[in-house]
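Read through the structure below, which is laid out as C-alpha cells, and then see the notes.
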Amino acid sequence: MKFILTAEGLNKEYYHSKALNNFSLHIPKGSIYGFVGENGAGKTTFIRIICGLQAPTSGSYTLYGVKNSEKEITEVRQRMGAVVESPSIYLDMTALNNLKHQYQVLGLPSYDGIFELLQLVGLSNTGKKRAKNFSLGMRQRLGIAMALVGNPDFLILDEPTNGLDPQGIIEIRELILRLNRHRQITVLISSHNLDELSRLATHYGFIANGSIVQELTATELERSCRKCMILTVTDTEALARVLDFMNLEYDIISDTTANVYGKIPVSELSIVLAKDDCKILSMREQNETLESFYINLVGGGRYE
Amino acid sequence: MSNLLYANFFRLWKSRLFFIGLGFMFFAGGFLVFQQYRQLIGYGAAIKLDSTFFVYTIMIGVISSIFCSLFLNVEYYDGTIRNKIIAGHKRAAIYFSNLIVNIFASFLFCLSYILANIVIGIPLIGMLTISLHKTVWILVGSMITIIALCSIFTMINMLIHSKAIAPIICIVAMFLSIFFVNEVQRILDNPPYWYDGTVNTAYVDGLEREQLEFIYNALPAGQEMQYSRKNIENINEMCLYSIGITMITSTIGVFLFRKKDIK
C-alpha cells in the first residue's frame, strides 16, 4: 500500500455553501503531509470527514485501502489518531486520567505504556493538576498523547501550533518529527503557517475553495522556490550544452526558456552562447518564497 | 459498547458534579426528615416517614436535568465525543452508553435521598406506615419515570451541542412542566360538590377532564407528582407512557445523532 489515505472527487455541501468541491488528495505512507490552505478553504471539513465526524455529500475516500462506504471503515479508523481543531480532552480530569479514559474507550486490556506516553509529550510531571489549569501548549500535547493511545500509524493534526508561543511551537514540531522518524507514523498536518510547515513536511497539498490546487513533494517545492535565473534564449539545446560544459544546474522549461541555478558568469555565458549561434533574449532573477509560491498558486490577485 | 460504558463510568466516578449531586440528595433527604422531626417534637404532630420518603420523585427531575445536561454537554464542549467516533464506535453505542450512565447516576441520586431517610428518618420518626407492596410499586414506577426523563434529557443534549442552550432547555422545560402539572393537579383536585352540597363550578368534567388526566398521567412531571403523593391508582398507565416516551425519544435521538455533523 503506497498511500495511507486517498480522496477522490469528495464534495461536502452545507445549507448554502460548498466546503469541499471535487476534492482529491493522496497521502503517501510514512510522510509528513502538509495540508496548506487559508481559513475556510476546507481543511477542517476534510479532516472531519476522514475522522467520521461528518459524512461527505458525494465522492469517496480510502483509508488503509478501505473505502468509506465499506463497513470496515470504522475498524480501520482505530489505527489512526486525530486532534481536530482543539485538543479533545476532559478539562476537569488530570492528564493521566484523560489517557486512562482513552485507553478504556479503545478497549485496551491494560494501561501499559501510559507513562511512556506522558513522558513522550513531556507531561509526566503534571501530577494531580487538572487539564483546565494546563497551558495551551500542554493541552495541545495532551491532545496529541490522546491521539497516540493505541499506537496509531496515522496521525491527523489540525492546526497543531495554533495559539502556541514560540517555545510551544518548537516542542510540537520536535514531537511530530520524533513520531515520524522513530515510530514511522504518517502525519497529516493542516496549517496556514507555511514557515512552520516547511520545517516539517515531506509532502504538500495546497487547498483553495474546497479543492486541491496542487500536490507536490518537499523536494519539488524546494525546487520551485529555489533562487534561479530564468533565461529566454533562441536555442535551448545549445544552452543545455553550454550549461553542461560550465557545470551549472538547470531545468529546461520550454523550447526557449530554462531555469539556471547557482551563480552564473553572465558575460562568459553570453560569449560562449554567441559562438553556438544562440542569443539570450531575456534574463530575470526568480527568488520565490514558499509564501509567494502559495499565493501565486491559490490566486495571488486577491493579495496584491 | 462495553468499552464505552466502562469509560463513562470511569468518568462518572471522577466527576465532582456527580458527588455534589449525591451529597445534595442526601442532605435534602436528611433536611426534610429533620424538619418533620421538629414538627413531631415541637407540636406533637402525627408525623410519618411516608411524608418525606417519596419526595425524591419530585426533586429527581430537576437534579437529573442539571446532571445530564452538564455531564453530557462536556462531550461536545471539550470535544471528547470526537475521540469516541474516531476510535470506531458506532454512534448508537455512544448514545446508549451515555443514556445508561445518566440513568444509573439518577438512580444513585434517588438512592442517596432514600438512604438519608432510612439512616436518619427511621431512628427519628420511625418506619414507613404504607405497605411494602405499595412502597415497591412506587419505587419501581418512579424508576421507570426516571428512565423516561433521562431519555428526554439525553436526546436534547446529544442533539444540541451548545453548552449554553441544551442545559437551559432541559432545566427550564423541567421547571415549566412541574408548574404546569401542579396547575393541572390543582384543577383535577377540585371536588364536584362543596361540603354543603352546592355544585363546585370549578370542577372539570367530561372530555376536558379526560384530557387533563391524560396530561397528568403521561407527563413524567405528572407521574412524579403522583408518586410523591403515594398515588399508584394509574401506575400501569403511567409506566406504559414512560416506556413509550423512552422508546420514542431514544429512537428519534439515535436517528438524528447518526445523521448529525459533529464539529
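Please note that chains go A, B, ... in the order of the C-alpha cells, that every chain numbers its residues from 1, and that ligands are numbered from 1 in the order shown.
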Compile the contact shell of Ile4 of chain A as a ChimeraX atom specification: residues with an atom at most 12 Å away, counting only C-alpha atoms, same-chain residues fewer than 6 positions apart removed. /A:25-33,50,61-67,76-77,79-80,153-156,185-188
Select from chain B every residue with an atom at most 6 Å from any atom of chain A, then for each give the shortest pair of atoms and their distance in Å to one decimal, using only C-alpha atoms, rows by chain and rising number, as a Markdown table.
| residue | atom | partner | partner_atom | distance |
| --- | --- | --- | --- | --- |
| B:Asn3 | CA | A:Gly107 | CA | 5.2 |
| B:Leu4 | CA | A:Val105 | CA | 5.3 |
| B:Ala7 | CA | A:Gln104 | CA | 5.1 |
| B:Asp78 | CA | A:Ser88 | CA | 5.8 |
| B:Gly79 | CA | A:Ser88 | CA | 4.7 |
| B:Thr80 | CA | A:Ser88 | CA | 4.6 |
| B:Ile86 | CA | A:Cys51 | CA | 5.4 |
| B:Ala87 | CA | A:Gln78 | CA | 4.8 |
| B:Gly88 | CA | A:Thr74 | CA | 4.4 |
| B:Asp261 | CA | A:Gln54 | CA | 4.7 |
| B:Ile262 | CA | A:Leu53 | CA | 5.1 |
Where in segment 62-201 of chain B does DSSP assign alpha helix (DSSP H), given as an NGL selection string? :B and (62-77 or 81-86 or 91-116 or 122-124 or 132-159 or 165-188)
Pick out the residues sitting within 12 Å of Ile230 of chain A, and hand them over as a PyMOL selection string; count only C-alpha atoms, and ignore anything fewer than 2 positions along from it in its own chain. chain A and resi 226-228+232-233+250-254+256-262+264+280-287
Contacts of Cys110 of chain B within 12 Å, only C-alpha atoms, excl. fewer than 2 positions in-chain, as an MDAnalysis selection string: chainID B and resid 21:29 53:61 63:64 103:108 112:117 139:140 142:143 146
Those same residues, written as a short mmCIF file (atom, residue, chain, number, x, y, z; two decimals), in the first residue's frame with N, CA and C atoms?
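After the write, selection-v7.cif holds the following:
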data_model
loop_
_atom_site.label_atom_id
_atom_site.label_comp_id
_atom_site.auth_asym_id
_atom_site.auth_seq_id
_atom_site.Cartn_x
_atom_site.Cartn_y
_atom_site.Cartn_z
N GLY B 21 -24.09 16.02 43.43
CA GLY B 21 -25.48 15.56 43.30
C GLY B 21 -25.85 14.56 44.39
N LEU B 22 -24.95 13.60 44.59
CA LEU B 22 -25.20 12.59 45.64
C LEU B 22 -25.30 13.26 47.01
N GLY B 23 -24.36 14.17 47.26
CA GLY B 23 -24.33 14.87 48.55
C GLY B 23 -25.58 15.71 48.74
N PHE B 24 -25.99 16.39 47.67
CA PHE B 24 -27.17 17.26 47.76
C PHE B 24 -28.42 16.43 48.08
N MET B 25 -28.57 15.31 47.41
CA MET B 25 -29.77 14.49 47.63
C MET B 25 -29.76 13.90 49.05
N PHE B 26 -28.60 13.54 49.53
CA PHE B 26 -28.52 13.01 50.90
C PHE B 26 -28.87 14.11 51.89
N PHE B 27 -28.32 15.30 51.64
CA PHE B 27 -28.59 16.44 52.53
C PHE B 27 -30.08 16.79 52.50
N ALA B 28 -30.65 16.81 51.27
CA ALA B 28 -32.07 17.15 51.14
C ALA B 28 -32.94 16.14 51.88
N GLY B 29 -32.61 14.86 51.73
CA GLY B 29 -33.35 13.80 52.42
C GLY B 29 -33.27 13.98 53.93
N PHE B 53 -40.45 10.30 52.51
CA PHE B 53 -39.74 9.20 51.84
C PHE B 53 -39.78 9.27 50.32
N PHE B 54 -40.91 9.71 49.76
CA PHE B 54 -41.04 9.69 48.29
C PHE B 54 -40.91 11.08 47.64
N VAL B 55 -40.46 12.05 48.42
CA VAL B 55 -40.32 13.41 47.86
C VAL B 55 -39.22 13.45 46.79
N TYR B 56 -38.32 12.47 46.83
CA TYR B 56 -37.26 12.43 45.82
C TYR B 56 -37.85 12.40 44.41
N THR B 57 -39.06 11.87 44.26
CA THR B 57 -39.65 11.75 42.92
C THR B 57 -39.87 13.12 42.29
N ILE B 58 -40.08 14.14 43.13
CA ILE B 58 -40.25 15.49 42.57
C ILE B 58 -38.88 16.11 42.31
N MET B 59 -37.96 15.89 43.23
CA MET B 59 -36.64 16.53 43.12
C MET B 59 -35.80 15.95 41.98
N ILE B 60 -35.95 14.66 41.74
CA ILE B 60 -35.03 13.99 40.81
C ILE B 60 -35.12 14.55 39.39
N GLY B 61 -36.28 15.02 38.98
CA GLY B 61 -36.43 15.56 37.63
C GLY B 61 -35.50 16.74 37.41
N ILE B 63 -32.87 17.59 39.37
CA ILE B 63 -31.47 17.19 39.57
C ILE B 63 -30.94 16.45 38.33
N SER B 64 -31.76 15.56 37.79
CA SER B 64 -31.34 14.82 36.58
C SER B 64 -31.14 15.76 35.40
N ILE B 103 -28.95 7.32 33.50
CA ILE B 103 -29.97 6.61 34.28
C ILE B 103 -29.36 6.09 35.58
N PHE B 104 -28.19 5.50 35.45
CA PHE B 104 -27.51 4.94 36.63
C PHE B 104 -27.25 6.04 37.66
N ALA B 105 -26.73 7.18 37.20
CA ALA B 105 -26.43 8.29 38.12
C ALA B 105 -27.71 8.79 38.79
N SER B 106 -28.79 8.89 38.01
CA SER B 106 -30.05 9.38 38.56
C SER B 106 -30.60 8.39 39.61
N PHE B 107 -30.47 7.11 39.35
CA PHE B 107 -30.89 6.10 40.34
C PHE B 107 -30.10 6.28 41.64
N LEU B 108 -28.80 6.51 41.47
CA LEU B 108 -27.97 6.67 42.68
C LEU B 108 -28.34 7.94 43.45
N SER B 112 -29.45 7.89 47.25
CA SER B 112 -28.80 8.74 48.27
C SER B 112 -29.87 9.41 49.14
N TYR B 113 -30.94 9.88 48.50
CA TYR B 113 -32.05 10.51 49.25
C TYR B 113 -32.71 9.49 50.17
N ILE B 114 -32.99 8.30 49.59
CA ILE B 114 -33.67 7.25 50.36
C ILE B 114 -32.80 6.81 51.54
N LEU B 115 -31.50 6.73 51.28
CA LEU B 115 -30.56 6.32 52.33
C LEU B 115 -30.62 7.29 53.51
N ALA B 116 -30.67 8.60 53.19
CA ALA B 116 -30.76 9.61 54.26
C ALA B 116 -32.05 9.41 55.07
N ASN B 117 -33.15 9.09 54.36
CA ASN B 117 -34.42 8.85 55.04
C ASN B 117 -34.35 7.62 55.94
N LEU B 139 -41.56 2.69 44.10
CA LEU B 139 -40.13 2.71 43.74
C LEU B 139 -39.94 2.29 42.28
N VAL B 140 -40.59 1.20 41.90
CA VAL B 140 -40.45 0.70 40.51
C VAL B 140 -41.01 1.73 39.51
N SER B 142 -41.48 4.94 39.90
CA SER B 142 -40.69 6.18 39.83
C SER B 142 -39.38 5.96 39.06
N MET B 143 -38.82 4.76 39.17
CA MET B 143 -37.59 4.46 38.43
C MET B 143 -37.87 4.45 36.91
N ILE B 146 -38.02 7.92 35.84
CA ILE B 146 -36.66 8.50 35.77
C ILE B 146 -35.99 8.09 34.46
#
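Minimum distance to Glu13 of chain A across A:Gly137, A:Ala41, A:Pro56, A:Thr202 (counting only C-alpha atoms) occurs at A:Pro56.
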Excluding Glu174 of chain A and any residue of its chain fewer than 2 positions from it, enumerate the residues within 12 Å of it, using only C-alpha atoms, and give them as a ChimeraX atom specification. /A:120-122,141,161,167-172,176-182,196,199-200
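As for atom CA of Val74 of chain B and atom CA of Asp158 of chain A, they are spaced 20.8 Å apart.
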What separates atom CA of Pro220 of chain B and atom CA of Val184 of chain B is a distance of 13.3 Å
Residues near segment 231-241 of chain B, cut-off 7 Å, only C-alpha atoms, skip fewer than 6 positions along chain, as a PyMOL selection string: chain B and resi 138+141+144+217-218+223
If you keep C-alpha atoms, can you produce a file of those selected residues as a compact mmCIF listing (two decimals), in the first residue's frame?
# COMPACT_ATOMS: atom_id res chain seq x y z
CA ILE B 138 -43.87 3.41 43.88
CA GLY B 141 -42.84 3.20 38.92
CA ILE B 144 -39.38 3.91 35.11
CA ASN B 217 -50.53 10.61 33.70
CA ALA B 218 -48.45 10.93 30.57
CA GLN B 223 -46.08 10.93 37.26
Taking only C-alpha atoms into account, which of B:Pro167, B:Leu12, B:Phe109, B:Leu128 comes nearest Leu70 of chain B? B:Pro167
Go through B:Met155, B:Leu149, B:Ile160, B:Val199 one by one, measure the shortest atom-to-atom distance of each to Ala221 of chain B using only C-alpha atoms, and give the residue with the smallest value. B:Leu149
Determine which residues of segment 202-265 of chain A DSSP labels as strand (DSSP E or B) from the backbone of this structure, then write them out as a count of residues only. 27
If I take atom CA of Thr6 of chain A and atom CA of Asn193 of chain A, how far is one from the other in Å, to one decimal? 23.4 Å
Got a sec: who's within 7 Å of Val181 of chain B, counting only C-alpha atoms, leaving out chain neighbours fewer than 4 positions off, as a PyMOL selection string? chain B and resi 177+185+216+221-222
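Counting only C-alpha atoms, the residue from B:Gly197, B:Ser2, B:Ile187, B:Arg91 that sits nearest to Arg209 of chain B is B:Ile187.
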